[in-house]
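Since the structure comes first, as structure tokens, the remarks are kept for the end.
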Amino acid sequence: MTYRAPLADIAAALKSAALPAAIDEGLFGDLTMADVDAVLAEAGRFAAEVIAPLNRVGDHYGTPFKDGTVTTPPGWKEAYNGWRSGGWNGLAAPVEWGGQALPQVVNAACIEMWHGASIAFSDGPMLTIGAIDALQAHGSDALKRRYLPKLVSGEWTGTMQLTEPQAGSDVGALRTRAERAADGTFRLKGQKIFITYGEHDLTDNIIHFVLARLPDAPPGTRGISLFLVPKFLVNADGSLGARNDIRAHSVEHKLGIHGSPTCTMMLGDQDGAVGYLVGAENGGMAAMFTMMNQARLAVGLQGVGVAECATQQALAYARERRQGRAAGMPATQSAPIIAHPDVRRMLLSMRALTAAARAVCYATAIAIDRSERATEAAARQTAQERASLLTPTAKAFSTDVGIEVTSLGVQVHGGMGYIEETGAAQLYRDARIAAIYEGTNGIQAIDLVTRKLPLGGGATVAAHIKDLRTTVDALEASNNPAFGLAPARLAEAIDSLARATGWLLGRLDKDAEAALAGATPYLRLFGFATGGCLLARQALAAARDGDEAAPRAALARFFAENFAVQAGGLERTIIESAPSVLGADAALA
């Protein structure tokens with residue numbers, strides 16, 4: 001199982017995400033596209049040569065746990081030290097804390113490559129990057145000074161601790177308690193589960209971001225606060241002090257990502273874990289969502305990365321594996337399976353879905369960049385709303401794609417795909433979790449329908465749909481026969497998206513249950529329409545700029561004629577299927 005950084009495909013996605021235009025506007029200082037290319041080339045080399053060879057090692061070795069200590073797989077420490085020394089942890093972090101302040105979209109491309117090489121390895125750094133964002137946005141100056149330099153450098157790592165056994169995704173039901181101490185700190189007691197990299201041996205300190213409830217807090221999510229809880233307390237001079245009252249109780253034995261320690265954490269075996277408030281009391285959800293939204297985009301990029309790796313592996317296998325005869329071939333010969341139409345359909349599906357998911361994630365990242373760096377407040381607000389609209393789809397559509405593509409990768413390999421030695425099965429196992437954590441994909445769909453469609457009174461999604469129509473207009477105006485039926489199919493998909501959007505917006509106040517019943521198919525429709533148009537935009541840009549346009553046009557056409565064409569059925573499911581969902585108790589008896 002090998003991985004090669006898809007630099008040409010990444011460059012095309014960055015171009016269609018308008019990174020060059022943002023650079024020309026001066027949003028990123030003196031950054032040039034040559035700088036970006038150099039960063040991505042080195043990131044791709046590190047991903048392929050250092051991280052990727054460890055992926056199988058991590059899968060076999062796992063994360064042995066003994067006496068409260070996790071041992072990471074062989075080679076993990078050396079790779080992490082190389083990651084740190086390369087400055088990758090602080091790529092998009094503020095310069096004042098030791099970061100490089102590069103665009104989020106460039107960081108997104110790197111995150112995709114890290115995950116393409118090994119999700120299990122990259123899980124930990126991904127959460128540390130989110131912790132940096134949360135602390136930078138909501139932490140006190142004292143906390144920033146003490147913890148941000150070490151987090152940005154990667155000398156320490158961060159975790160996100162939300163989930164509890166009785167609560168699951170219902171964060172408002174958490175029971176972890178935080179008591180005020182006389183010195184202005186807090187003492188936390190409780191249990192957290194499914195904590196990624198909650199314990200490991202890569203760094204000498206781990207900084208936990210923990211949601212807990214104060215004694216006088218109101219019920220539900222309105223009464224949750226966020227606390228920074230270090231594994232080791234930090235002295236005034238920055239040196240490590242006593243061990244805090246937080247520990248890993250066990251590690252989970254999982255379907256995939258075996259090299260990533262997923263821990264059950266215990267706080268307060270003794271007097272309580274010392275914690276420091278991040279943000280305001282009872283304002284923990286707002287602070288945590290800064291970290292979680294970063295993680296949701298990164299998890300979407302996990303889906304893209306693992307799908308890319310599976311596609312590369314399936315293509316290589318299909319070119320080498322010979323079985324059956326192609327049309328006109330002598331009976332004494334056999335053809336590589338890539339010659340068979342059904343195998344070609346699977347391979348094209350893998351490549352097209354991966355490219356569409358990548359485009360959606362990069363579009364989300366550039367919207368985040370503009371929300372942070374645009375010179376005018378109105379432009380920042382518009383970009384923030386666009387990023388908010390796209391984030392649920394970036395997470396859910398892309399992780400669904402990761403599962404679908406890795407499953408197709410097993411199918412392309414045939415029986416050998418079900419054998420662990422080929423590596424195809426590992427990718428499928430590793431991909432499966434991404435649709436569950438950082439908010440299940442069903443929760444993402446609900447968020448899209450109930451919170452994001454109403455943004456600006458529906459103006460944000462209307463502007464997005466208008467933008468998609470502009471792409472289709474340009475596609476039609478090109479009169480390029482290479483696009484086949486893509487202009488018509490994408491136009492139909494956008495029409496379905498517009499009608500489904502209007503129907504949902506009209507139901508939210510009148511019949512919310514009906515809207516919720518259609519949320520998941522709506523997110524998929526949103527992904528197909530958006531991803532299809534973004535692929536078309538890449539093909540148009542390649543033709544305009546003199547790049548090799550034929551592969552981009554072929555991929556955009558395939559996606560439009562094989563995936564966007566499903567939009568009409570999804571629209572009908574959204575609008576018509578609620579009674580069959582809500583009134584089917586007899587079928588579940």
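So you can find residues: chains in the structure tokens are A, B, ... in the order shown, residues in each start at 1, and ligands are numbered from 1 in order.
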Report task. Could you give me, as a list in words, the residues within 10 Å of His253 of chain A, counting only C-alpha atoms and dropping anything in the same chain fewer than 5 positions from it? Result -> Gly62, Thr63, His258, Pro261, Thr262 and Cys263 of chain A
Query - Residue contacts of Arg180 of chain A (12 Å, only C-alpha atoms) excluding same-chain residues fewer than 5 positions away, as a PyMOL selection string - result: chain A and resi 185-189+212-216+227+272-277+281
Prev. selection, C-alpha atoms, output as a PDB file, in the first residue's frame:
```
ATOM      1  CA  THR A 185      -8.703  27.704  39.078  1.00  0.00           C
ATOM      2  CA  PHE A 186     -11.243  24.869  38.975  1.00  0.00           C
ATOM      3  CA  ARG A 187     -11.303  21.212  40.045  1.00  0.00           C
ATOM      4  CA  LEU A 188     -12.837  18.804  37.545  1.00  0.00           C
ATOM      5  CA  LYS A 189     -14.280  15.361  38.212  1.00  0.00           C
ATOM      6  CA  ALA A 212     -17.751  20.450  32.182  1.00  0.00           C
ATOM      7  CA  ARG A 213     -20.580  21.950  34.187  1.00  0.00           C
ATOM      8  CA  LEU A 214     -20.321  24.379  37.092  1.00  0.00           C
ATOM      9  CA  PRO A 215     -22.519  23.725  40.163  1.00  0.00           C
ATOM     10  CA  ASP A 216     -24.808  26.681  39.480  1.00  0.00           C
ATOM     11  CA  PHE A 227     -11.562  24.179  30.652  1.00  0.00           C
ATOM     12  CA  GLY A 272      -9.983  16.908  41.175  1.00  0.00           C
ATOM     13  CA  ALA A 273      -8.088  17.770  38.026  1.00  0.00           C
ATOM     14  CA  VAL A 274      -6.852  21.368  37.998  1.00  0.00           C
ATOM     15  CA  GLY A 275      -8.477  23.234  35.120  1.00  0.00           C
ATOM     16  CA  TYR A 276      -8.382  26.764  33.763  1.00  0.00           C
ATOM     17  CA  LEU A 277     -11.467  28.406  32.311  1.00  0.00           C
ATOM     18  CA  GLU A 281     -18.480  30.630  32.363  1.00  0.00           C
TER      19      GLU A 281
END
```
Requested in this report: Just the residues within 6 Å of segment 508-523 of chain A, please, counting only C-alpha atoms, with nothing from its chain fewer than 3 positions along; format it as a PyMOL selection string.
Outcome: chain A and resi 445-446+504-505+526+570+574+578
Export of prior selection with N, CA and C atoms as a CSV table (one decimal), in the first residue's frame:
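For reference, selection.csv as written:
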```
chain,number,residue,atom,x,y,z
A,445,ALA,N,-26.2,17.0,8.8
A,445,ALA,CA,-27.3,17.2,7.9
A,445,ALA,C,-28.4,18.1,8.6
A,446,ILE,N,-28.6,17.7,9.9
A,446,ILE,CA,-29.6,18.5,10.7
A,446,ILE,C,-29.1,20.0,10.8
A,504,LEU,N,-37.7,23.1,2.2
A,504,LEU,CA,-37.2,22.9,3.6
A,504,LEU,C,-37.4,24.2,4.4
A,505,LEU,N,-37.0,25.3,3.8
A,505,LEU,CA,-37.1,26.6,4.5
A,505,LEU,C,-38.6,26.8,4.9
A,526,PHE,N,-26.9,18.6,-1.9
A,526,PHE,CA,-26.1,19.8,-1.8
A,526,PHE,C,-24.7,19.4,-2.2
A,570,LEU,N,-33.2,12.6,-5.3
A,570,LEU,CA,-33.0,13.1,-4.0
A,570,LEU,C,-34.0,14.2,-3.7
A,574,ILE,N,-36.6,14.1,-0.5
A,574,ILE,CA,-36.6,15.2,0.5
A,574,ILE,C,-38.1,15.7,0.7
A,578,ALA,N,-41.2,12.1,3.8
A,578,ALA,CA,-41.4,12.3,5.3
A,578,ALA,C,-42.5,11.4,5.8
```
Report task. Would you please give, as a PyMOL selection string, all residues of segment 4-125 of chain A that DSSP assigns to helix (DSSP H, G or I) based on the backbone? Result -> chain A and resi 7-16+19-24+33-61+76-85+88-90+95-97+104-117+119-125
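Using only C-alpha atoms, the shortest contact distance between Gly414 of chain A and any of A:Met292, A:Ala383, A:Ala556, A:Ala318 is found at A:Ala318.
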Test item: residues at most 6 Å from segment 534-544 of chain A, only C-alpha atoms, excluding those fewer than 3 positions along its chain, as a PDB file with C-alpha atoms, in the first residue's frame:
```pdb
ATOM      1  CA  SER A  16     -10.751  26.698  -8.590  1.00  0.00           C
ATOM      2  CA  GLY A 531     -19.136  19.264  -6.076  1.00  0.00           C
ATOM      3  CA  ASP A 547      -3.348  23.553 -18.632  1.00  0.00           C
ATOM      4  CA  ALA A 549      -7.875  20.335 -19.792  1.00  0.00           C
ATOM      5  CA  ARG A 552     -10.526  17.701 -15.995  1.00  0.00           C
ATOM      6  CA  ALA A 553     -13.321  17.915 -18.555  1.00  0.00           C
ATOM      7  CA  ALA A 556     -16.436  16.819 -14.647  1.00  0.00           C
TER       8      ALA A 556
END
```
Report task. Just the residues within 8 Å of Ala52 of chain A, please, counting only C-alpha atoms, with nothing from its chain fewer than 6 positions along; format it as a ChimeraX atom specification. Result -> /A:2-3,116-118
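Straight-line separation from atom CA of Lys66 of chain A to atom CA of Leu202 of chain A: 15.8 Å.
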Query raised in the report: What is the distance, in Å and to one decimal place, between atom CA of Ile465 of chain A and atom CA of Gly546 of chain A?
Result: 28.1 Å
Query raised in the report: Any idea what's packed within 10 Å of Leu40 of chain A, counting only C-alpha atoms, ignoring anything in its chain fewer than 3 positions away? Could you give it as number ranges by chain?
Result: A: 5-7, 10-11, 34-37, 43-46, 106-107, 109-110, 113
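Among the candidates A:Ala463, A:Val299, A:Ala363, A:Ala394, the residue lying nearest to Thr382 of chain A is A:Ala463 (atoms considered: only C-alpha atoms).
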Report summary line: Residue with the minimum atom-to-atom distance to Gly279 of chain A, picked from A:Ala134, A:Tyr147, A:Met160, A:Leu408 with only C-alpha atoms counted, is A:Ala134
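Among A:Pro125, A:Pro341, A:Pro64, A:Gly241, the residue with the shortest atom-to-atom distance to Gly87 of chain A, counting only C-alpha atoms, is A:Pro125.
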